[in-house]
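Source file my_file.txt; content: compact mmCIF, C-alpha atoms and all ligand atoms.
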# COMPACT_ATOMS: atom_id res chain seq x y z
CA MET R 77 -6.86 23.16 5.64
CA GLU R 78 -3.75 21.59 7.17
CA PRO R 79 -0.41 23.21 6.40
CA PRO R 80 1.88 21.16 4.17
CA ALA R 81 4.49 19.12 6.04
CA GLY R 82 7.70 17.16 5.55
CA ALA R 83 9.04 16.62 2.07
CA ALA R 84 5.79 18.17 0.85
CA GLY R 85 7.33 21.36 2.22
CA GLY R 86 6.87 23.63 5.12
CA GLU R 87 8.28 22.78 8.53
CA PRO R 88 11.20 24.41 10.37
CA GLU R 89 14.62 22.81 9.90
CA SER R 90 14.87 21.43 13.48
CA LEU R 91 11.46 19.68 13.21
CA SER R 92 12.35 18.37 9.76
CA SER R 93 15.64 16.84 10.99
CA ASP R 94 13.83 15.32 14.00
CA LEU R 95 11.31 13.71 11.63
CA SER R 96 14.16 12.41 9.42
CA TYR R 97 15.77 10.90 12.53
CA GLN R 98 12.49 9.23 13.54
CA ARG R 99 12.03 7.96 9.99
CA GLU R 100 15.51 6.42 9.95
CA ARG R 101 14.74 4.71 13.28
CA MET R 102 11.50 3.31 11.80
CA VAL R 103 13.39 1.96 8.77
CA ARG R 104 16.01 0.28 10.98
CA LEU R 105 13.28 -1.29 13.09
CA VAL R 106 11.60 -2.67 9.96
CA ALA R 107 14.97 -4.01 8.75
CA SER R 108 15.61 -5.63 12.15
CA ARG R 109 12.28 -7.48 11.79
CA GLY R 110 13.65 -9.20 8.67
CA VAL R 111 12.89 -6.99 5.68
CA GLU R 112 16.19 -6.95 3.77
CA ASP R 113 15.22 -5.49 0.39
CA ALA R 114 17.42 -2.38 0.11
CA ARG R 115 15.18 -0.71 -2.50
CA VAL R 116 12.12 -1.06 -0.27
CA LEU R 117 14.01 0.33 2.74
CA GLN R 118 15.27 3.27 0.67
CA ALA R 119 11.73 4.03 -0.53
CA MET R 120 10.64 4.11 3.12
CA ARG R 121 13.48 6.58 3.85
CA ASP R 122 12.34 8.74 0.93
CA ILE R 123 8.62 8.92 1.72
CA PRO R 124 7.61 11.02 4.76
CA ARG R 125 4.98 8.90 6.57
CA HIS R 126 3.88 11.83 8.76
CA VAL R 127 2.35 13.50 5.68
CA PHE R 128 -0.09 10.57 5.41
CA VAL R 129 -1.53 10.64 8.95
CA PRO R 130 -4.02 13.12 10.42
CA GLY R 131 -2.40 16.21 11.99
CA GLU R 132 -3.14 15.17 15.59
CA MET R 133 -1.37 11.82 15.03
CA ARG R 134 1.84 13.18 13.49
CA SER R 135 3.89 12.55 16.65
CA GLN R 136 3.04 8.82 16.28
CA ALA R 137 3.71 8.64 12.54
CA TYR R 138 7.04 6.78 12.86
CA GLY R 139 5.98 4.16 15.39
CA ASP R 140 5.62 0.64 14.02
CA HIS R 141 1.84 0.52 14.22
CA ALA R 142 -1.28 1.16 12.15
CA LEU R 143 -3.08 4.46 12.78
CA PRO R 144 -6.63 5.68 12.09
CA ILE R 145 -6.99 7.90 9.00
CA GLY R 146 -10.75 8.64 9.21
CA SER R 147 -13.73 6.98 7.45
CA SER R 148 -13.15 3.97 9.82
CA GLN R 149 -9.96 3.09 7.90
CA THR R 150 -6.28 2.81 8.80
CA ILE R 151 -2.80 3.47 7.45
CA SER R 152 -1.02 0.12 7.66
CA GLN R 153 1.84 -0.65 10.05
CA PRO R 154 5.24 0.22 8.49
CA TYR R 155 6.56 -3.35 8.93
CA ILE R 156 3.54 -4.75 7.04
CA VAL R 157 3.93 -2.17 4.25
CA ALA R 158 7.61 -3.11 3.94
CA GLN R 159 6.96 -6.86 4.09
CA MET R 160 4.17 -6.78 1.49
CA THR R 161 6.25 -4.56 -0.82
CA ALA R 162 9.26 -6.86 -0.47
CA LEU R 163 7.07 -9.92 -1.23
CA LEU R 164 5.72 -8.13 -4.29
CA ASP R 165 9.28 -7.74 -5.68
CA VAL R 166 8.50 -4.61 -7.72
CA GLN R 167 10.92 -3.75 -10.54
CA ALA R 168 11.42 -0.39 -12.25
CA GLU R 169 9.64 -1.46 -15.45
CA HIS R 170 6.53 -2.79 -13.68
CA SER R 171 2.93 -1.64 -13.92
CA VAL R 172 1.32 -2.15 -10.50
CA LEU R 173 -2.30 -2.24 -9.36
CA GLU R 174 -3.04 -1.45 -5.73
CA VAL R 175 -6.49 -2.14 -4.27
CA GLY R 176 -7.18 -0.01 -1.17
CA THR R 177 -5.37 3.33 -1.49
CA GLY R 178 -6.24 4.40 2.07
CA SER R 179 -3.91 7.26 3.02
CA GLY R 180 -1.76 6.70 -0.09
CA TYR R 181 1.36 5.79 1.91
CA GLN R 182 1.77 2.33 0.36
CA THR R 183 0.93 3.90 -3.03
CA ALA R 184 3.79 6.39 -2.64
CA ILE R 185 6.25 3.62 -1.71
CA LEU R 186 5.20 1.70 -4.83
CA ALA R 187 5.54 4.87 -6.94
CA LYS R 188 9.23 5.04 -5.95
CA LEU R 189 9.79 1.48 -7.20
CA ALA R 190 7.57 0.97 -10.25
CA ARG R 191 7.04 2.54 -13.67
CA ARG R 192 3.30 3.09 -13.12
CA VAL R 193 0.97 2.65 -10.16
CA PHE R 194 -2.81 2.39 -10.49
CA SER R 195 -4.65 2.53 -7.20
CA LEU R 196 -8.34 2.03 -6.40
CA GLU R 197 -10.09 3.23 -3.23
CA ARG R 198 -13.80 2.83 -2.49
CA VAL R 199 -14.00 5.83 -0.10
CA SER R 200 -13.99 8.97 -2.25
CA LYS R 201 -12.74 11.30 0.52
CA LEU R 202 -9.66 9.11 1.10
CA ALA R 203 -8.96 8.88 -2.63
CA GLN R 204 -9.14 12.68 -2.99
CA GLN R 205 -6.76 13.21 -0.06
CA ALA R 206 -4.34 10.64 -1.49
CA ILE R 207 -4.41 12.32 -4.92
CA GLN R 208 -3.45 15.63 -3.29
CA ARG R 209 -0.58 13.95 -1.39
CA MET R 210 0.79 12.46 -4.62
CA ARG R 211 0.76 15.98 -6.10
CA ASP R 212 2.48 17.46 -3.04
CA LEU R 213 5.21 14.83 -3.29
CA ASP R 214 5.56 15.20 -7.09
CA LEU R 215 4.77 11.53 -7.65
CA GLU R 216 3.59 11.76 -11.24
CA ASN R 217 3.48 8.05 -12.10
CA VAL R 218 0.36 7.36 -9.98
CA LYS R 219 -3.30 7.27 -11.02
CA ILE R 220 -5.91 6.95 -8.26
CA GLN R 221 -9.64 6.39 -8.76
CA THR R 222 -12.65 5.86 -6.52
CA PHE R 223 -14.01 2.44 -7.41
CA ASP R 224 -14.64 -1.08 -6.09
CA GLY R 225 -11.14 -2.50 -6.53
CA SER R 226 -12.33 -6.08 -6.05
CA VAL R 227 -13.25 -6.02 -9.76
CA GLY R 228 -9.80 -4.66 -10.70
CA TRP R 229 -9.13 -2.08 -13.40
CA SER R 230 -9.58 -3.94 -16.70
CA GLU R 231 -8.78 -0.92 -18.94
CA MET R 232 -5.26 -0.74 -17.49
CA ALA R 233 -4.61 -4.52 -17.32
CA PRO R 234 -2.51 -6.62 -17.45
CA PHE R 235 -0.51 -5.74 -14.34
CA ASP R 236 2.95 -7.10 -13.50
CA ARG R 237 2.13 -6.81 -9.81
CA ILE R 238 -1.10 -6.51 -7.81
CA ILE R 239 -1.29 -5.69 -4.10
CA VAL R 240 -4.48 -5.74 -2.05
CA THR R 241 -4.28 -3.81 1.21
CA ALA R 242 -7.62 -4.93 2.68
CA GLY R 243 -8.54 -8.41 3.91
CA ALA R 244 -10.48 -10.63 1.47
CA PRO R 245 -12.25 -13.98 1.93
CA SER R 246 -10.26 -15.18 -1.11
CA ALA R 247 -8.38 -13.63 -4.01
CA PRO R 248 -10.92 -11.94 -6.34
CA GLN R 249 -11.00 -13.79 -9.69
CA PRO R 250 -10.89 -10.51 -11.73
CA LEU R 251 -7.56 -9.66 -10.06
CA LEU R 252 -6.10 -13.06 -10.92
CA ASP R 253 -7.37 -12.61 -14.49
CA GLN R 254 -5.78 -9.13 -14.76
CA LEU R 255 -2.37 -10.37 -13.58
CA ALA R 256 0.25 -10.74 -16.35
CA VAL R 257 1.95 -14.09 -16.92
CA GLY R 258 5.06 -13.96 -14.74
CA GLY R 259 3.16 -11.63 -12.38
CA LYS R 260 2.66 -11.68 -8.62
CA LEU R 261 -0.35 -10.84 -6.44
CA VAL R 262 -0.03 -10.22 -2.68
CA ILE R 263 -3.23 -10.25 -0.64
CA PRO R 264 -4.39 -10.75 2.97
CA GLU R 265 -6.81 -13.71 2.77
CA GLY R 266 -8.95 -15.29 5.45
CA GLY R 267 -11.66 -14.23 7.89
CA ARG R 268 -13.10 -10.77 8.51
CA GLU R 269 -10.99 -10.30 11.66
CA LEU R 270 -7.78 -12.24 10.92
CA GLN R 271 -6.04 -13.14 7.67
CA ARG R 272 -2.81 -14.57 6.25
CA LEU R 273 -0.59 -12.89 3.69
CA VAL R 274 -0.88 -14.92 0.51
CA VAL R 275 1.33 -14.65 -2.58
CA TYR R 276 0.06 -15.82 -5.97
CA ARG R 277 2.49 -16.35 -8.85
CA LYS R 278 1.07 -16.67 -12.36
CA THR R 279 3.01 -18.79 -14.83
CA LYS R 280 2.24 -20.14 -18.30
CA ARG R 281 1.28 -23.42 -16.62
CA GLY R 282 -1.09 -21.98 -14.02
CA THR R 283 -1.15 -20.10 -10.73
CA ARG R 284 0.76 -21.09 -7.57
CA ARG R 285 -0.45 -20.01 -4.10
CA GLN R 286 1.78 -19.63 -1.04
CA GLU R 287 0.56 -18.73 2.45
CA GLY R 288 2.60 -16.58 4.82
CA GLU R 289 2.27 -14.84 8.16
CA ALA R 290 -0.90 -13.92 10.05
CA VAL R 291 -2.08 -10.30 9.64
CA VAL R 292 -5.04 -8.11 10.60
CA PHE R 293 -6.55 -5.85 7.92
CA VAL R 294 -9.81 -3.93 7.53
CA PRO R 295 -12.16 -5.85 5.20
CA LEU R 296 -12.17 -5.61 1.42
CA ILE R 297 -15.76 -4.50 0.81
CA GLY R 298 -17.11 -5.12 -2.65
CA ARG R 299 -18.49 -7.42 -5.30
CA HIS R 300 -15.65 -9.95 -4.89
CA GLY R 301 -14.96 -9.19 -1.22
CA TRP R 302 -17.10 -8.91 1.91
CA GLN R 303 -20.54 -7.33 2.12
CA GLU R 304 -20.76 -4.05 4.00
CA SER R 305 -21.94 -4.81 7.56
N1 LIG X 401 -2.25 0.84 2.28
C1 LIG X 401 -3.05 1.87 2.89
C2 LIG X 401 -2.18 2.94 3.49
O1 LIG X 401 -0.96 2.84 3.38
O2 LIG X 401 -2.73 3.90 4.04
C3 LIG X 401 -3.95 1.32 3.92
C4 LIG X 401 -5.11 0.69 3.34
S1 LIG X 401 -6.40 0.40 4.49
C5 LIG X 401 -5.73 -0.84 5.51
C6 LIG X 401 -7.52 -0.48 3.42
C7 LIG X 401 -8.23 0.42 2.43
O3 LIG X 401 -8.96 -0.41 1.53
C8 LIG X 401 -9.26 1.34 3.08
O4 LIG X 401 -8.98 2.66 2.76
C9 LIG X 401 -10.59 0.88 2.48
O5 LIG X 401 -11.52 1.92 2.28
C10 LIG X 401 -10.13 0.28 1.17
N2 LIG X 401 -11.05 -0.68 0.56
C11 LIG X 401 -11.81 -1.63 1.14
N3 LIG X 401 -12.50 -2.31 0.21
C12 LIG X 401 -12.17 -1.77 -1.00
C13 LIG X 401 -12.53 -2.03 -2.35
N4 LIG X 401 -13.40 -3.00 -2.69
N5 LIG X 401 -11.98 -1.29 -3.32
C14 LIG X 401 -11.10 -0.29 -3.03
N6 LIG X 401 -10.72 0.01 -1.78
C15 LIG X 401 -11.24 -0.73 -0.77

What would you get if you wrote out this structure as structure tokens?
Amino acid sequence: MEPPAGAAGGEPESLSSDLSYQRERMVRLVASRGVEDARVLQAMRDIPRHVFVPGEMRSQAYGDHALPIGSSQTISQPYIVAQMTALLDVQAEHSVLEVGTGSGYQTAILAKLARRVFSLERVSKLAQQAIQRMRDLDLENVKIQTFDGSVGWSEMAPFDRIIVTAGAPSAPQPLLDQLAVGGKLVIPEGGRELQRLVVYRKTKRGTRRQEGEAVVFVPLIGRHGWQES
């Protein structure tokens, strides 16, 4: 068992203030890359990223890059987490679905901004670790389950916001169906190796699609995603 760390408790004061300093530097870097949403930046100040990476990677936790988290998966780059969260425009009254819990870092950021967060992860071990991290951080408005998130979570729908943190060939129809009118869905769409961030907005008159920057995500594996290779 790893000892608890950061805001989850445990480390000496000097290490804790060094980690806070590194975290502040990470947030400023993300802001300098164009993410201006003050609520998103504050959530990134509040959530200790080092708690979400494997022990041997903790010294790299506040660099602006993705890191391996086991099970061939990654914790996303801080800039991408910030950018996707800003695009999602989460408000305090929102119910949010996340597909691809991974380490739970993005989940925790969403938990700071939304009323409720529902998160689906296909790898049971990652889901269990993320559930424990939510407990350690006292984030009580999160529910995580092991399931193929490409089919959504119909029992909890509709969602005001949906975020997919794995790359899909196209937006899964069940997710578009489970989005509330007035809702937004942010998803990396494209090929298995390279995608673009796409924002869908659902209105009474239909759904609008807007393509953004190029990104690289691990594949969304599932019924409405890619097949396992
Ligand atoms: N946002 C995460 C974080 O902050 O750590 C990183 C997510 S990682 C890039 C993508 C995750 O999506 C992986 O953990 C992977 O197992 C998961 N995934 C892939 N296909 C999935 C599916 N159909 N349903 C649920 N999770 C899926």

Q) Using only C-alpha atoms, which residues sit within 12 Å of Val240 of chain R once same-chain residues fewer than 6 positions away are excluded, as a ChimeraX atom specification? A) /R:152,157,160-161,164,172-178,182-183,194-197,224-228,246-248,251-252,260-265,273-276,293-297,301

**Q.** Spatial neighbours of segment 114-127 of chain R, max dist 6 Å, all atoms listed in the file, sep filter under 4 positions, as a list in words
**A.**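 The contact residues come out as Arg134, Ala137 and Ile185 of chain R.
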
Q. Between R:Ala206, R:Val166, R:Met102, R:Ala256, which has the minimum distance to ligand LIG 401 (chain X) (counting all atoms listed in the file)?
A.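 Residue with the minimum atom-to-atom distance to ligand LIG 401 (chain X): R:Ala206.
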
Q) Between atom CA of Gln159 of chain R and atom CA of Leu202 of chain R, what is the spacing in Å? A)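 Computing the Euclidean distance for atom CA of Leu202 of chain R and atom CA of Gln159 of chain R yields 23.2 Å.
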
Q: Find the residues around Val257 of chain R up to 10 Å (only C-alpha atoms counted), leave out those fewer than 6 positions away in its own chain, and share them as a PyMOL selection string.
A: chain R and resi 234-236+277-283

Q: Check the smallest atom-to-atom distance from each of R:Val218, R:Ala190, R:Met232, R:Val199 to ligand LIG 401 (chain X) using only C-alpha atoms and all ligand atoms, then report the winner.
A: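 Nearest to ligand LIG 401 (chain X): R:Val199.
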
**Q.** Gap from atom O3 of ligand LIG 401 (chain X) to atom CA of Trp302 of chain R - Å, one decimal
**A.** 11.8 Å

**Q.** Closest of R:Ile220, R:Ser179, R:Gly266, R:Ile239 to ligand LIG 401 (chain X) - atom-to-atom distances counting all atoms listed in the file
**A.**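 Result for the nearest residue to ligand LIG 401 (chain X): R:Ser179.
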
**Q.** Interatomic distance (Å, one decimal) between atom CA of Ile151 of chain R and atom CA of Gly180 of chain R
**A.** 8.3 Å

Q) From the list R:Gly267, R:Arg192, R:Ala244, R:Asp165, which residue is nearest ligand LIG 401 (chain X) when using only C-alpha atoms and all ligand atoms? A) R:Ala244

**Q.** Shortest interatomic distance to ligand LIG 401 (chain X) - which of R:Gln205, R:Ser200, R:Thr150, R:Gln254, counting only C-alpha atoms and all ligand atoms
**A.**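 Comparing R:Gln205, R:Ser200, R:Thr150, R:Gln254 against ligand LIG 401 (chain X), the winner is R:Thr150.
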
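When all atoms listed in the file are used to compute distances to ligand LIG 401 (chain X), the closest of the residues R:Gln271, R:Ser148, R:Ser93, R:Ser305 turns out to be R:Ser148.
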